[in-house]
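Chemist: Below: one structure in structure tokens.
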Amino acid sequence: METIQGRLQEGKFSLIAEIGVNYYDIAKKLNISAMEAAKMMVLEAKNAGIHAVKFQTYKAGTLASKNSPSYWDTTEETTKSQYELFKKFDAFGEKEYTDLKVFCDQIGIEFCSTPFDFASADYLFDLMNFYKISSSDLSNLPFIKYIAQKNKPILLSIGASNLDEIQKAVDLIHKYNDKKLTLLHCVLEYPTPYEHANLAKISSLKKAFPDEFIGYSDHTKPDYSCNVIKTAFLLGAQVVEKHFTLDKKLPGNDHYHAMDVRDAEDILHQIEYVEMLKGNGDLVCLKSEGAARLNARRSVVAACEIKEGTTITVKQLTFKRPGSGISPADIEKVVGKKATRDIAEDTILQWDMIGDK
């Protein structure tokens, strides 16, 4: 099974399905257990071609105070307290995430979950190949240090942050962690209006942190032709994380701005198409251009009859297609030489037609 880190190192694009806690609503809709719903979503993600799934591991009591206000679109998610919202979705613990990790391994998709406290950071260690740190914890330097010391690769979202804050987090991570970091551009606005996506930040991150991998954590609603993700990719996002659901019409937490199976398939298809269009960038003639290179380029051609033994002058020459003879780039090697045979007007010159004597 390919891993996100392996794909990053090989320069491949990766798509991570942020299942988060959306499986609770799927379970309620289908009248199944939360675990059944979570595994169903993992399987659907795998079948769509997604490379990894990510959950969110937290307990409401360690994540938010009871007086924490909402920061999402309350017309979509009506809960106005972070604590009350998170309390609805914090039943899973070490046993459940271990079961999900085993299931992911069985079907061949990479497992990850974002820890939001020290306890989950500890028990998730053996379950994941990399840590994901949320934008909300970018200034939580004690927590970042704790995770960095575990010396696994880290994906760090940088939403709602300034450059100096990003730099502090990056420096702290590298003080304790020798793995290449992945920075994810992110806008903490749910959903993110297209005009707020600010994808140029991806280019800015690449310039500011040239030694790191760069990606994008997307909160826009899926758009026609996947233009948001394609633009992010073309600007340098090698990995994209996007919320995932099986029903975008469900009310609540992260369904209304998530991708579904069809969206994921479209994204992967569109990225594959864009990668095909990009090619490898080598500044060489393509094999497919061979015939055109030969026939559309020009050769040195006799502008008049040239008798054997005649010293060739510029006035006796012109340049015409095809390029099957002496190249105009070598004109200086032709002028001043003698014709080794009679050369008829409009003849494409070859090297055996000229010589020193």
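Order determines the names: the first chain of the structure tokens is A, the second B, and so forth; residues in each chain are numbered 1 upward, and ligands are numbered 1 upward as they are shown.
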With only C-alpha atoms as the counted atoms, please give the residues lying no more than 9 Å from Thr313 of chain A, apart from itself and same-chain residues fewer than 5 positions off, as a compact mmCIF listing (two decimals) with C-alpha atoms, in the first residue's frame.
Modeler:
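result_11.txt, freshly written:
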```txt
# COMPACT_ATOMS: atom_id res chain seq x y z
CA VAL A 334 29.23 25.34 -46.12
CA VAL A 335 30.26 28.75 -47.46
CA GLY A 336 33.80 28.67 -48.88
CA LYS A 337 33.75 24.92 -49.49
```
Chemist: For the contact check between segment 5-111 of chain A and segment 186-210 of chain A, emit one row per residue of segment 5-111 of chain A within 10 Å, containing the shortest atom pair and the distance in Å rounded to one decimal, counting only C-alpha atoms, chain then rising number order, as a Markdown table.
Modeler:
```
| residue | atom | partner | partner_atom | distance |
| --- | --- | --- | --- | --- |
| A:Tyr71 | CA | A:Glu189 | CA | 7.8 |
| A:Trp72 | CA | A:Tyr190 | CA | 5.3 |
| A:Asp73 | CA | A:Tyr190 | CA | 6.2 |
| A:Thr74 | CA | A:Tyr190 | CA | 9.7 |
| A:Glu76 | CA | A:Tyr190 | CA | 9.5 |
| A:Glu77 | CA | A:Tyr190 | CA | 10.0 |
```
Chemist: Deliver the residues from the most recent selection as a file, using N, CA and C atoms, as a PDB file, in the first residue's frame.
Modeler:
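The resulting again-v4.pdb:
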```pdb
ATOM      1  N   TYR A  71     -17.823  29.178  15.267  1.00  0.00           N
ATOM      2  CA  TYR A  71     -17.138  29.975  14.250  1.00  0.00           C
ATOM      3  C   TYR A  71     -17.496  29.462  12.854  1.00  0.00           C
ATOM      4  N   TRP A  72     -18.569  28.699  12.760  1.00  0.00           N
ATOM      5  CA  TRP A  72     -19.008  28.127  11.493  1.00  0.00           C
ATOM      6  C   TRP A  72     -20.312  28.782  11.050  1.00  0.00           C
ATOM      7  N   ASP A  73     -20.796  28.378   9.898  1.00  0.00           N
ATOM      8  CA  ASP A  73     -22.058  28.895   9.362  1.00  0.00           C
ATOM      9  C   ASP A  73     -23.210  28.270  10.149  1.00  0.00           C
ATOM     10  N   THR A  74     -23.820  29.054  11.024  1.00  0.00           N
ATOM     11  CA  THR A  74     -24.872  28.508  11.892  1.00  0.00           C
ATOM     12  C   THR A  74     -26.193  28.298  11.161  1.00  0.00           C
ATOM     13  N   GLU A  76     -26.094  26.410   8.587  1.00  0.00           N
ATOM     14  CA  GLU A  76     -25.858  25.019   8.185  1.00  0.00           C
ATOM     15  C   GLU A  76     -25.718  24.110   9.405  1.00  0.00           C
ATOM     16  N   GLU A  77     -24.964  24.570  10.394  1.00  0.00           N
ATOM     17  CA  GLU A  77     -24.804  23.851  11.657  1.00  0.00           C
ATOM     18  C   GLU A  77     -25.286  24.786  12.755  1.00  0.00           C
TER      19      GLU A  77
END
```
Chemist: Near Lys88 of chain A, counting only C-alpha atoms, which residues have an atom at most 10 Å away, once you skip same-chain residues fewer than 2 positions from it, shown as an MDAnalysis selection string?
Modeler: chainID A and resid 21 24 59:60 83:86 90:91
Chemist: I'd like a table as CSV: residues in segment 44-148 of chain A with an atom no more than 6 Å from segment 8-20 of chain A, each row giving the shortest atom pair and its distance in Å to one decimal, only C-alpha atoms counted, sorted by chain and rising residue number.
Modeler:
```
residue,atom,partner,partner_atom,distance
A:Ile50,CA,A:Leu15,CA,5.6
A:His51,CA,A:Leu15,CA,5.6
A:Ala52,CA,A:Ile16,CA,4.8
A:Val53,CA,A:Ala17,CA,4.7
A:Lys54,CA,A:Glu18,CA,4.8
A:Phe55,CA,A:Gly20,CA,4.0
A:Gln56,CA,A:Gly20,CA,4.8
```
Chemist: What does the file look like for those residues with C-alpha atoms, as a JSON list (two decimals), in the first residue's frame?
Modeler:
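Writing the result to result_19.json gives the following:
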```
[["chain", "number", "residue", "atom", "x", "y", "z"],
["A", 50, "ILE", "CA", -8.71, 8.28, -2.43],
["A", 51, "HIS", "CA", -5.25, 7.69, -0.97],
["A", 52, "ALA", "CA", -5.87, 8.18, 2.76],
["A", 53, "VAL", "CA", -8.67, 8.79, 5.23],
["A", 54, "LYS", "CA", -8.43, 11.06, 8.24],
["A", 55, "PHE", "CA", -10.55, 11.25, 11.37],
["A", 56, "GLN", "CA", -10.55, 13.71, 14.28]]
```
Chemist: Check the smallest atom-to-atom distance from each of A:Thr114, A:Gln270, A:Thr347, A:Ser288 to Gln316 of chain A using only C-alpha atoms, then report the winner.
Modeler: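 Closest candidate: A:Thr347.
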Chemist: Using only C-alpha atoms, determine which residues lie at most 12 Å from Asp211 of chain A, disregarding the query and same-chain residues fewer than 4 positions distant; provide the list as a PyMOL selection string.
Modeler: chain A and resi 170+174+179-183+205-207
Chemist: Which of these residues is nearest to Ser135 of chain A, using only C-alpha atoms: A:Tyr176, A:Phe213, A:Tyr273, A:Phe116?
Modeler: A:Phe116
